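The structure file input21.txt is reproduced below (compact mmCIF, C-alpha atoms and all ligand atoms).
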# COMPACT_ATOMS: atom_id res chain seq x y z
CA MET V 1 -11.55 -119.03 -93.65
CA THR V 2 -8.73 -121.45 -94.03
CA GLU V 3 -7.95 -120.96 -90.35
CA ASP V 4 -11.21 -122.70 -89.51
CA LYS V 5 -9.89 -126.13 -88.63
CA GLN V 6 -13.26 -127.85 -88.50
CA LEU V 7 -14.39 -126.62 -91.89
CA GLN V 8 -11.03 -127.56 -93.29
CA ASP V 9 -11.30 -131.13 -91.99
CA GLU V 10 -14.84 -131.40 -93.32
CA LEU V 11 -13.80 -130.25 -96.76
CA ALA V 12 -10.86 -132.65 -96.71
CA LEU V 13 -13.37 -135.51 -96.49
CA TYR V 14 -14.69 -134.43 -99.89
CA GLY V 15 -11.22 -134.21 -101.33
CA VAL V 16 -10.97 -130.42 -101.13
CA HIS V 17 -7.77 -129.42 -99.38
CA LEU V 18 -7.43 -125.87 -98.19
CA THR V 19 -4.21 -124.82 -96.65
CA LEU V 20 -2.11 -121.88 -95.62
CA LEU V 21 1.46 -121.28 -96.59
CA GLU V 22 2.16 -121.43 -92.87
CA GLN V 23 0.81 -124.96 -92.67
CA VAL V 24 2.84 -126.17 -95.61
CA TYR V 25 5.90 -124.58 -94.07
CA ASN V 26 5.21 -126.14 -90.66
CA TRP V 27 4.47 -129.53 -92.20
CA GLY V 28 7.76 -129.48 -94.05
CA ARG V 29 9.74 -128.45 -91.02
CA SER V 30 8.09 -130.91 -88.67
CA ASN V 31 8.86 -133.85 -90.95
CA SER V 32 12.52 -133.14 -91.54
CA LEU V 33 13.95 -132.60 -88.09
CA TRP V 34 17.58 -133.49 -88.46
CA PRO V 35 19.17 -133.92 -85.07
CA LEU V 36 22.68 -132.81 -84.23
CA GLN V 37 24.90 -135.81 -83.73
CA PHE V 38 26.31 -135.68 -80.26
CA GLY V 39 25.69 -137.56 -77.06
CA LEU V 40 26.67 -136.67 -73.54
CA ALA V 41 25.98 -139.68 -71.34
CA CYS V 42 23.92 -142.84 -70.92
CA CYS V 43 20.86 -141.23 -72.55
CA ALA V 44 22.87 -141.11 -75.76
CA ILE V 45 22.83 -144.93 -75.82
CA GLU V 46 19.03 -144.87 -75.83
CA MET V 47 19.13 -142.18 -78.50
CA ILE V 48 21.31 -144.45 -80.63
CA ALA V 49 18.91 -147.33 -79.98
CA SER V 50 16.02 -145.22 -81.22
CA VAL V 51 17.67 -144.93 -84.65
CA THR V 52 18.15 -148.69 -85.00
CA ALA V 53 15.84 -150.84 -87.10
CA ARG V 54 13.75 -151.83 -84.10
CA TYR V 55 12.52 -148.30 -83.28
CA ASP V 56 13.50 -146.51 -86.48
CA LEU V 57 13.44 -142.78 -85.86
CA GLY V 58 13.63 -142.45 -89.65
CA ARG V 59 9.89 -143.03 -89.85
CA PHE V 60 9.51 -139.48 -88.50
CA GLY V 61 12.04 -137.89 -90.81
CA SER V 62 14.78 -137.61 -88.21
CA GLU V 63 17.13 -140.41 -89.15
CA ILE V 64 19.91 -138.21 -90.49
CA PHE V 65 22.05 -137.22 -87.53
CA ARG V 66 24.16 -134.33 -88.76
CA PRO V 67 27.70 -133.99 -87.49
CA SER V 68 27.68 -130.27 -88.25
CA PRO V 69 25.51 -127.78 -86.34
CA ARG V 70 25.02 -125.81 -89.55
CA GLN V 71 22.94 -128.63 -91.02
CA ALA V 72 21.00 -129.61 -87.94
CA ASP V 73 17.52 -128.49 -86.83
CA LEU V 74 17.18 -130.28 -83.54
CA MET V 75 19.54 -130.51 -80.62
CA ILE V 76 18.89 -133.57 -78.47
CA VAL V 77 20.66 -132.86 -75.21
CA SER V 78 21.03 -136.48 -74.24
CA GLY V 79 22.66 -136.76 -70.88
CA THR V 80 24.53 -135.05 -68.12
CA VAL V 81 25.74 -131.57 -69.01
CA THR V 82 28.86 -130.97 -66.97
CA LYS V 83 30.23 -127.51 -66.35
CA LYS V 84 33.05 -128.31 -68.69
CA MET V 85 30.66 -129.32 -71.47
CA ALA V 86 28.06 -126.56 -71.06
CA PRO V 87 30.02 -123.89 -73.00
CA GLN V 88 30.36 -126.29 -75.92
CA VAL V 89 26.67 -127.16 -75.89
CA VAL V 90 25.68 -123.48 -75.92
CA ARG V 91 28.25 -122.72 -78.62
CA LEU V 92 26.85 -125.53 -80.79
CA TYR V 93 23.36 -124.18 -80.23
CA ASN V 94 24.50 -120.71 -81.29
CA GLN V 95 25.99 -122.17 -84.46
CA MET V 96 22.80 -123.94 -85.52
CA ALA V 97 20.73 -122.22 -88.17
CA GLU V 98 17.20 -121.06 -87.42
CA PRO V 99 14.65 -122.54 -87.04
CA LYS V 100 16.18 -124.68 -84.33
CA TYR V 101 14.75 -126.72 -81.50
CA VAL V 102 16.06 -128.27 -78.34
CA LEU V 103 14.89 -131.50 -76.74
CA ALA V 104 16.16 -132.15 -73.22
CA MET V 105 16.35 -135.90 -72.80
CA GLY V 106 16.59 -137.47 -69.38
CA ALA V 107 16.72 -136.29 -65.81
CA CYS V 108 20.23 -134.83 -66.04
CA ALA V 109 19.54 -132.61 -69.02
CA ILE V 110 16.28 -131.36 -67.51
CA SER V 111 17.38 -130.67 -63.95
CA GLY V 112 20.76 -132.20 -63.18
CA GLY V 113 18.98 -135.37 -62.06
CA PRO V 114 20.93 -137.50 -59.59
CA PHE V 115 23.86 -135.10 -59.83
CA LYS V 116 21.89 -131.96 -59.12
CA GLY V 117 23.64 -131.57 -55.78
CA GLY V 118 27.07 -132.07 -57.32
CA TYR V 119 29.74 -129.47 -57.89
CA ASN V 120 30.33 -130.13 -61.57
CA VAL V 121 26.96 -130.57 -63.22
CA VAL V 122 24.71 -127.93 -64.73
CA LYS V 123 21.30 -127.99 -63.05
CA GLY V 124 19.30 -128.13 -66.24
CA ILE V 125 20.31 -127.05 -69.73
CA ASP V 126 17.23 -124.81 -69.91
CA ARG V 127 19.21 -122.33 -67.83
CA TYR V 128 21.31 -121.57 -70.89
CA ILE V 129 19.29 -122.32 -74.00
CA PRO V 130 15.52 -122.37 -74.56
CA VAL V 131 14.24 -125.95 -74.43
CA ASP V 132 11.14 -126.93 -76.39
CA ILE V 133 10.47 -130.45 -75.16
CA PHE V 134 11.37 -132.23 -71.93
CA VAL V 135 11.47 -136.03 -71.87
CA PRO V 136 11.86 -137.36 -68.31
CA GLY V 137 13.36 -140.73 -67.46
CA CYS V 138 16.66 -142.13 -66.35
CA PRO V 139 17.24 -142.88 -69.13
CA PRO V 140 14.01 -142.60 -71.13
CA ARG V 141 13.22 -145.63 -73.28
CA PRO V 142 13.71 -145.18 -77.04
CA GLU V 143 9.93 -145.05 -77.33
CA ALA V 144 9.90 -142.16 -74.88
CA LEU V 145 12.27 -140.26 -77.15
CA LEU V 146 10.06 -141.07 -80.14
CA ASN V 147 7.14 -139.77 -78.12
CA GLY V 148 9.06 -136.57 -77.42
CA ILE V 149 9.81 -136.11 -81.11
CA ILE V 150 6.16 -136.67 -82.02
CA HIS V 151 5.23 -134.10 -79.39
CA LEU V 152 7.75 -131.68 -80.90
CA GLN V 153 6.27 -132.25 -84.37
CA GLU V 154 2.82 -131.44 -83.04
CA THR V 155 4.18 -128.32 -81.40
CA ILE V 156 5.79 -127.21 -84.64
CA ARG V 157 2.60 -127.79 -86.62
CA ARG V 158 0.74 -125.44 -84.28
CA GLN V 159 3.31 -122.66 -84.49
CA LYS V 160 2.39 -119.29 -85.93
CA LEU V 161 4.75 -117.38 -88.15
CA SER V 162 3.21 -113.95 -87.68
CA GLY V 163 1.03 -112.05 -85.30
CA PRO V 164 0.97 -112.32 -81.53
CA GLY V 165 2.26 -115.56 -80.07
CA LYS V 166 4.43 -116.31 -83.08
CA ALA V 167 7.20 -118.86 -82.96
CA ARG V 168 10.52 -117.98 -81.37
CA HIS V 169 12.48 -118.14 -84.61
CA ALA V 170 9.98 -115.88 -86.38
CA ASP V 171 10.22 -113.23 -83.69
CA ARG V 172 13.00 -110.77 -84.41
CA ASP V 173 12.98 -109.49 -80.84
CA GLN V 174 13.92 -112.88 -79.45
CA PRO V 175 17.60 -113.69 -79.37
CA SER V 176 18.95 -116.51 -81.47
CA GLU V 177 22.27 -116.71 -79.69
CA TYR V 178 22.91 -116.87 -76.00
CA ALA V 179 25.81 -115.94 -73.79
CA ILE V 180 28.34 -118.75 -73.57
CA PRO V 181 29.04 -119.67 -69.97
CA GLU V 182 32.72 -119.80 -69.13
CA GLU V 183 34.53 -121.68 -66.43
CA GLY V 184 34.84 -119.31 -63.47
CA GLY V 185 36.70 -119.91 -60.25
CA ARG V 186 33.89 -121.78 -58.55
CA ASP V 187 30.95 -121.74 -60.90
CA LEU V 188 30.04 -121.02 -64.48
CA VAL V 189 29.96 -117.35 -65.46
CA PRO V 190 27.19 -116.39 -66.06
CA GLN V 191 25.42 -118.86 -63.78
CA TYR V 192 22.38 -118.75 -66.04
CA ASN V 193 21.25 -116.70 -68.98
CA ALA V 194 18.77 -114.12 -67.80
CA GLU V 195 17.08 -114.23 -71.20
CA THR V 196 16.19 -117.91 -70.93
CA TRP V 197 15.92 -118.57 -67.26
CA ARG V 198 15.20 -116.55 -64.18
CA PRO V 199 15.61 -118.22 -60.81
CA SER V 200 12.64 -118.22 -58.48
CA TRP V 201 14.12 -115.60 -56.17
CA GLN V 202 14.03 -113.20 -59.10
CA GLY V 203 10.40 -113.86 -59.79
CA GLY V 204 11.00 -116.56 -62.38
CA GLY V 205 10.15 -120.22 -62.65
CA LYS V 206 8.32 -121.44 -65.71
CA MET F 1 50.73 -157.15 -106.59
CA GLU F 2 53.26 -158.99 -104.49
CA ARG F 3 52.79 -156.47 -101.68
CA MET F 4 49.00 -156.65 -101.86
CA ALA F 5 49.08 -160.41 -101.71
CA SER F 6 51.33 -160.34 -98.66
CA HIS F 7 49.05 -157.77 -97.03
CA TYR F 8 46.11 -160.04 -97.71
CA ARG F 9 47.90 -162.98 -96.11
CA LYS F 10 48.94 -160.95 -93.07
CA SER F 11 45.51 -159.45 -92.44
CA GLY F 12 43.90 -162.89 -92.31
CA GLY F 13 41.79 -162.44 -95.43
CA ARG F 14 40.43 -159.01 -94.53
CA TRP F 15 40.64 -156.22 -97.10
CA LEU F 16 40.12 -152.55 -96.53
CA GLY F 17 36.37 -152.13 -96.92
CA SER F 18 35.57 -155.81 -96.73
CA GLY F 19 33.80 -155.20 -93.42
CA ILE F 20 31.51 -152.65 -95.05
CA LEU F 21 30.71 -155.06 -97.85
CA ARG F 22 29.94 -157.82 -95.40
CA GLY F 23 27.65 -155.47 -93.45
CA MET F 24 25.85 -154.44 -96.61
CA GLY F 25 25.48 -158.11 -97.47
CA VAL F 26 23.62 -158.65 -94.21
CA THR F 27 21.36 -155.70 -94.99
CA LEU F 28 20.71 -157.02 -98.47
CA LYS F 29 19.92 -160.48 -97.13
CA ASN F 30 17.44 -158.99 -94.65
CA TRP F 31 15.85 -156.78 -97.28
CA ILE F 32 15.25 -159.58 -99.75
CA GLY F 33 14.41 -162.02 -96.97
CA SER F 34 11.76 -159.67 -95.60
CA TYR F 35 9.62 -160.38 -98.65
CA PHE F 36 9.49 -164.06 -97.67
CA ASP F 37 9.87 -164.09 -93.91
CA PRO F 38 7.88 -161.54 -91.85
CA SER F 39 10.12 -162.12 -88.81
CA ARG F 40 12.81 -160.13 -90.62
CA LEU F 41 10.61 -157.04 -90.44
CA VAL F 42 11.91 -155.94 -87.07
CA THR F 43 10.54 -152.41 -86.79
CA VAL F 44 7.92 -151.86 -84.11
CA CYS F 45 5.85 -148.91 -85.35
CA TYR F 46 5.82 -147.15 -82.02
CA PRO F 47 2.71 -145.02 -81.59
CA GLY F 48 0.57 -147.76 -83.13
CA GLU F 49 2.29 -150.87 -81.81
CA ARG F 50 4.25 -151.19 -78.63
CA LEU F 51 6.77 -153.75 -77.47
CA PRO F 52 5.54 -155.69 -74.46
CA LEU F 53 7.57 -154.60 -71.46
CA PRO F 54 9.25 -157.15 -69.21
CA GLU F 55 7.66 -157.43 -65.80
CA ASN F 56 10.57 -155.83 -64.00
CA SER F 57 10.76 -152.86 -66.32
CA ARG F 58 10.24 -149.66 -64.36
CA SER F 59 9.92 -145.95 -64.86
CA PHE F 60 8.53 -143.81 -62.05
CA PRO F 61 6.97 -144.61 -58.67
CA PHE F 62 3.26 -144.48 -57.92
CA LEU F 63 1.17 -144.81 -54.76
CA ILE F 64 -1.11 -147.77 -54.19
CA TYR F 65 -4.55 -147.66 -52.61
CA ASP F 66 -6.82 -150.55 -51.66
CA GLY F 67 -10.49 -150.74 -52.56
CA ASP F 68 -12.27 -148.13 -54.61
CA ASP F 69 -11.72 -144.89 -52.74
CA PRO F 70 -8.22 -143.44 -53.18
CA GLU F 71 -8.46 -141.39 -50.00
CA ALA F 72 -9.81 -144.15 -47.74
CA GLY F 73 -7.64 -146.93 -49.13
CA LEU F 74 -4.42 -144.98 -49.16
CA ARG F 75 -1.66 -147.22 -47.83
CA CYS F 76 0.90 -144.51 -47.26
CA VAL F 77 1.13 -143.38 -43.63
CA ALA F 78 3.43 -140.43 -44.34
CA CYS F 79 6.30 -141.93 -42.35
CA ARG F 80 8.63 -140.07 -44.74
CA ILE F 81 11.19 -142.87 -44.90
CA CYS F 82 11.15 -142.75 -48.69
CA GLU F 83 11.60 -138.98 -48.64
CA LYS F 84 14.74 -139.39 -46.54
CA GLU F 85 16.13 -142.30 -48.52
CA CYS F 86 15.56 -140.99 -52.05
CA PRO F 87 19.09 -140.25 -53.30
CA PRO F 88 18.29 -137.20 -55.48
CA GLU F 89 15.67 -136.00 -52.95
CA CYS F 90 12.79 -135.75 -55.36
CA ILE F 91 9.98 -136.80 -53.01
CA HIS F 92 8.18 -134.12 -51.04
CA ILE F 93 5.74 -135.10 -48.30
CA GLU F 94 3.68 -133.01 -45.91
CA ASN F 95 1.62 -134.63 -43.17
CA GLU F 96 -2.05 -133.95 -42.72
CA ARG F 97 -2.66 -132.04 -39.49
CA ASP F 98 -5.62 -132.07 -37.14
CA GLU F 99 -7.14 -128.95 -35.51
CA ASN F 100 -4.38 -128.73 -32.91
CA GLY F 101 -1.68 -128.87 -35.53
CA LYS F 102 -0.69 -132.40 -34.57
CA PRO F 103 0.46 -134.39 -37.61
CA ARG F 104 -1.80 -137.23 -38.68
CA LYS F 105 -0.56 -140.45 -40.23
CA ARG F 106 -1.59 -139.43 -43.72
CA PRO F 107 0.08 -137.33 -46.37
CA ALA F 108 -1.65 -134.07 -47.27
CA VAL F 109 0.94 -133.44 -49.97
CA PHE F 110 2.86 -136.19 -51.73
CA ASP F 111 4.81 -134.95 -54.74
CA ILE F 112 7.39 -136.73 -56.85
CA ASP F 113 9.46 -134.61 -59.19
CA ILE F 114 9.96 -136.95 -62.13
CA SER F 115 12.29 -134.47 -63.79
CA VAL F 116 14.78 -135.56 -61.11
CA CYS F 117 13.72 -139.13 -60.29
CA MET F 118 16.30 -141.66 -61.47
CA SER F 119 14.07 -144.76 -61.27
CA CYS F 120 16.35 -146.36 -58.69
CA GLN F 121 13.48 -148.07 -56.83
CA ILE F 122 15.02 -147.31 -53.43
CA CYS F 123 11.79 -145.68 -52.25
CA VAL F 124 9.98 -148.94 -53.05
CA GLU F 125 12.51 -151.04 -51.21
CA VAL F 126 12.47 -148.99 -48.01
CA CYS F 127 8.71 -148.48 -47.72
CA PRO F 128 7.56 -150.69 -44.80
CA PHE F 129 3.91 -150.54 -45.93
CA ASP F 130 4.22 -151.54 -49.60
CA ALA F 131 2.56 -148.22 -50.35
CA ILE F 132 4.79 -147.13 -53.21
CA GLU F 133 5.66 -149.15 -56.30
CA MET F 134 7.29 -148.67 -59.67
CA ASP F 135 5.14 -147.88 -62.68
CA GLN F 136 5.91 -148.62 -66.33
CA ILE F 137 4.53 -145.54 -68.07
CA TYR F 138 7.18 -143.97 -70.22
CA ALA F 139 5.38 -141.91 -72.86
CA ILE F 140 5.75 -138.59 -71.07
CA SER F 141 6.97 -135.42 -72.68
CA THR F 142 6.15 -131.84 -71.79
CA ASN F 143 6.69 -128.30 -72.97
CA ALA F 144 7.57 -126.96 -69.53
CA ARG F 145 9.97 -128.11 -66.91
CA PHE F 146 8.50 -127.52 -63.49
CA GLU F 147 4.79 -128.02 -62.92
CA PRO F 148 3.90 -130.71 -65.50
CA LEU F 149 6.78 -132.91 -64.38
CA ARG F 150 5.83 -132.68 -60.73
CA LEU F 151 3.37 -135.49 -60.05
CA HIS F 152 0.96 -134.80 -57.19
CA LYS F 153 -0.80 -137.24 -54.93
CA GLU F 154 -3.93 -137.30 -57.11
CA GLN F 155 -1.89 -138.30 -60.17
CA LEU F 156 0.23 -140.81 -58.26
CA LEU F 157 -2.61 -142.75 -56.67
CA LYS F 158 -3.48 -145.95 -58.49
CA PRO F 159 -5.50 -148.98 -57.36
CA ASN F 160 -3.94 -152.26 -56.27
CA GLU F 161 -5.63 -153.98 -59.24
CA TYR F 162 -3.47 -151.89 -61.54
CA PHE F 163 -0.36 -153.12 -59.75
CA ARG F 164 -1.58 -156.74 -59.94
CA GLU F 165 -1.89 -156.40 -63.67
CA LEU F 166 1.44 -154.62 -63.99
CA SER F 167 3.53 -157.07 -62.02
CA PRO F 168 1.82 -160.30 -60.90
CA THR F 169 4.91 -161.64 -59.08
CA ARG F 170 5.75 -158.58 -57.06
CA SER F 171 2.14 -157.77 -56.22
CA ALA F 172 1.48 -161.35 -55.07
CA ALA F 173 4.51 -161.11 -52.76
CA ALA F 174 3.34 -157.75 -51.44
CA ASP F 175 -0.20 -159.03 -50.88
CA ALA F 176 1.14 -162.08 -49.02
CA ARG F 177 3.32 -159.85 -46.84
CA ARG F 178 0.38 -157.61 -45.99
CA GLU F 179 -1.84 -160.59 -45.24
CA ALA F 180 0.77 -162.10 -42.87
CA GLU F 181 1.16 -158.74 -41.14
CA ARG F 182 -2.59 -158.44 -40.67
CA ALA F 183 -2.80 -161.99 -39.22
CA LYS F 184 0.00 -161.15 -36.79
CA GLN F 185 -1.77 -157.97 -35.67
CA ALA F 186 -5.03 -159.87 -35.18
CA LYS F 187 -3.27 -162.51 -33.07
CA LYS F 188 -1.65 -159.84 -30.94
CA LYS F 189 -4.99 -158.18 -30.36
CA GLU F 190 -6.50 -161.52 -29.35
CA ALA F 191 -3.66 -162.22 -26.97
CA GLY F 192 -4.05 -158.72 -25.53
CA LYS F 193 -7.76 -159.32 -24.93
CA LYS F 194 -7.13 -162.62 -23.17
CA GLY F 195 -4.35 -161.23 -21.04
S1 LIG A 301 12.83 -144.25 -57.73
FE1 LIG A 301 14.66 -143.47 -56.65
S2 LIG A 301 14.86 -141.37 -57.40
FE2 LIG A 301 12.80 -142.01 -57.94
S3 LIG A 301 11.51 -141.31 -56.22
FE3 LIG A 301 12.14 -143.43 -55.75
S4 LIG A 301 13.99 -143.23 -54.50
FE4 LIG A 301 13.66 -141.24 -55.52
S1 LIG A 302 5.35 -144.22 -49.34
FE1 LIG A 302 5.92 -145.65 -47.75
S2 LIG A 302 7.90 -144.96 -46.97
FE2 LIG A 302 7.00 -143.26 -48.16
S3 LIG A 302 5.96 -142.03 -46.60
FE3 LIG A 302 4.44 -143.42 -47.46
S4 LIG A 302 4.48 -145.20 -46.07
FE4 LIG A 302 6.37 -144.02 -45.66

What is this structure when it is put down as structure tokens?
Amino acid sequence: MTEDKQLQDELALYGVHLTLLEQVYNWGRSNSLWPLQFGLACCAIEMIASVTARYDLGRFGSEIFRPSPRQADLMIVSGTVTKKMAPQVVRLYNQMAEPKYVLAMGACAISGGPFKGGYNVVKGIDRYIPVDIFVPGCPPRPEALLNGIIHLQETIRRQKLSGPGKARHADRDQPSEYAIPEEGGRDLVPQYNAETWRPSWQGGGK
Amino acid sequence: MERMASHYRKSGGRWLGSGILRGMGVTLKNWIGSYFDPSRLVTVCYPGERLPLPENSRSFPFLIYDGDDPEAGLRCVACRICEKECPPECIHIENERDENGKPRKRPAVFDIDISVCMSCQICVEVCPFDAIEMDQIYAISTNARFEPLRLHKEQLLKPNEYFRELSPTRSAAADARREAERAKQAKKKEAGKKG
């Protein structure tokens, strides 16, 4: 009965609040998303701006940028991921505790952006780690990042912890760590993680 | 004591930690001041309030049409100059074709991949028909990378009135340019008739 959203909202008008443990859990998680403190390029400047008094990311419970991956919930990949940096980004992701989320900020993090034809830039971080939210822009305004975080909060509030279609971190069959790409002779090895990303010629493409 | 005093003299009156104290003083002044002066409350509560954007602020390109019908008033003639000039190659255009397969001067497909677009405005600068302009929408975020971030012609088409509102200066210049061009064409036609 408590899954009936409409009835729940109606009852809330009369001061009766029904809830599921899942919803309390999701509410708590969505309002304390501590980002990992690292920036990769120009997008990081906008990320810093979004924590200043003018935009104040703290209003959404994300003001504490953690310098340690063990304490962080959200990885904001803000900027160009070079082939030299990609192993470190994946390693940091592997070190974060579940539940963890990734927000790809800006054209470079999503697809390689202006450098997508270059020899030294990863063509999208979603090839290596599962990305939850994509925020396009070059760079996105601080408000755009806030919008992405609000979107992520909404996504988290809708997540299921059991049954079919449950969240990634609640699913034991889904990996929590991914293969770390290493510098090969000409390209990263592996070129992409098959578990996260399958190129179109292998029948992939989200 | 002697050493501390000499350190103080040498460092020009700056102690270790004095910078932090000064910074906290500014915060304290703003906090107390905010009870008396609302201009010290600087936070713009984003989803509810928004900062007004400067006129030249830009995010992603859009296509302009004249009049009410997006298909009839479409300015773009599918000359594909912007597709060639776009540095990260994120514009994709396909011409409309008639029965014989001859390309018409209209785009059947006009896609911009905003997951790649770097808001450089080069497409706007090279377009000879003022058909493409920069938008100011920024509140975009998606759960997937490919399809939702690929804007199609239907999503890109916006009326000229929208552009006038967005950027009065630039749209006035574009309108004047188009008007002058039309007058020139009309004159040519007249001259052709006479001759
Ligand atoms: S703004 Fe620049 S990157 Fe974006 S579509 Fe135009 S030319 Fe391409
Ligand atoms: S937008 Fe302008 S430059 Fe691009 S194809 Fe259309 S008319 Fe040509």

Need the shell around Ala104 (chain V): protein/DNA/RNA residues with any atom at most 8 Å away, counting all atoms listed in the file. Skip same-chain ones fewer than 3 positions apart. Format as a PDB file with C-alpha atoms, in the coordinates of the input?
ATOM      1  CA  ILE V  76      18.890-133.570 -78.470  1.00  0.00           C
ATOM      2  CA  VAL V  77      20.660-132.860 -75.210  1.00  0.00           C
ATOM      3  CA  SER V  78      21.030-136.480 -74.240  1.00  0.00           C
ATOM      4  CA  ALA V 109      19.540-132.610 -69.020  1.00  0.00           C
ATOM      5  CA  ILE V 110      16.280-131.360 -67.510  1.00  0.00           C
ATOM      6  CA  ILE V 125      20.310-127.050 -69.730  1.00  0.00           C
ATOM      7  CA  VAL V 131      14.240-125.950 -74.430  1.00  0.00           C
ATOM      8  CA  ASP V 132      11.140-126.930 -76.390  1.00  0.00           C
ATOM      9  CA  ILE V 133      10.470-130.450 -75.160  1.00  0.00           C
ATOM     10  CA  PHE V 134      11.370-132.230 -71.930  1.00  0.00           C
ATOM     11  CA  VAL V 135      11.470-136.030 -71.870  1.00  0.00           C
TER      12      VAL V 135
END

- In terms of the shortest atom-to-atom distance over only C-alpha atoms and all ligand atoms, which of F:Lys158, F:Arg40, F:Lys84, F:Lys184 is closest to ligand LIG 302 (chain A)? F:Lys84

- Item | Spatial sel., origin (13.9, -131.4, -66.4), limit 7 Å, all atoms listed in the file, listed as a list in words | Ala107, Ala109, Ile110, Ser111, Gly124, Phe134 and Pro136 of chain V; Ser115, Val116 and Arg145 of chain F

- Task: Let me have all residues with an atom within 6 Å of ligand LIG 302 (chain A), counting all atoms listed in the file, laid out as a list in words.
- Result: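 Taking all atoms listed in the file into account, the residues around ligand LIG 302 (chain A) at most 6 Å away are Cys76, Val77, Ala78, Cys79, Arg80, Ile81, Cys82, Cys127, Phe129, Ala131 and Ile132 of chain F.
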
- Query: Once you count all atoms listed in the file, which residues of chain V turn out to be within 8 Å of chain F? Could you give them as an NGL selection string?
  - Reply: :V and (53-56 or 106-108 or 110-117 or 132-141 or 143-144 or 146-148 or 151 or 205-206)

- Task: Have a look at F:Asp68, F:Glu94, F:Glu133, F:Glu55 and name the one nearest to ligand LIG 301 (chain A); count all atoms listed in the file.
- Result: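 Of the candidates, the smallest distance to ligand LIG 301 (chain A) is held by F:Glu133.
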
- Gap from CA of Arg106 (chain F) to atom FE2 of ligand LIG 301 (chain A) - Å, one decimal: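 Here the two named atoms are 20.4 Å from each other.
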
- What is the distance, in Å and to one decimal place, between CA of Tyr119 (chain V) and CA of Asn94 (chain V)?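 CA of Tyr119 (chain V) sits 25.5 Å away from CA of Asn94 (chain V).
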
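As for CA of Ala44 (chain V) and CA of Gly79 (chain V), they are spaced 6.5 Å apart.
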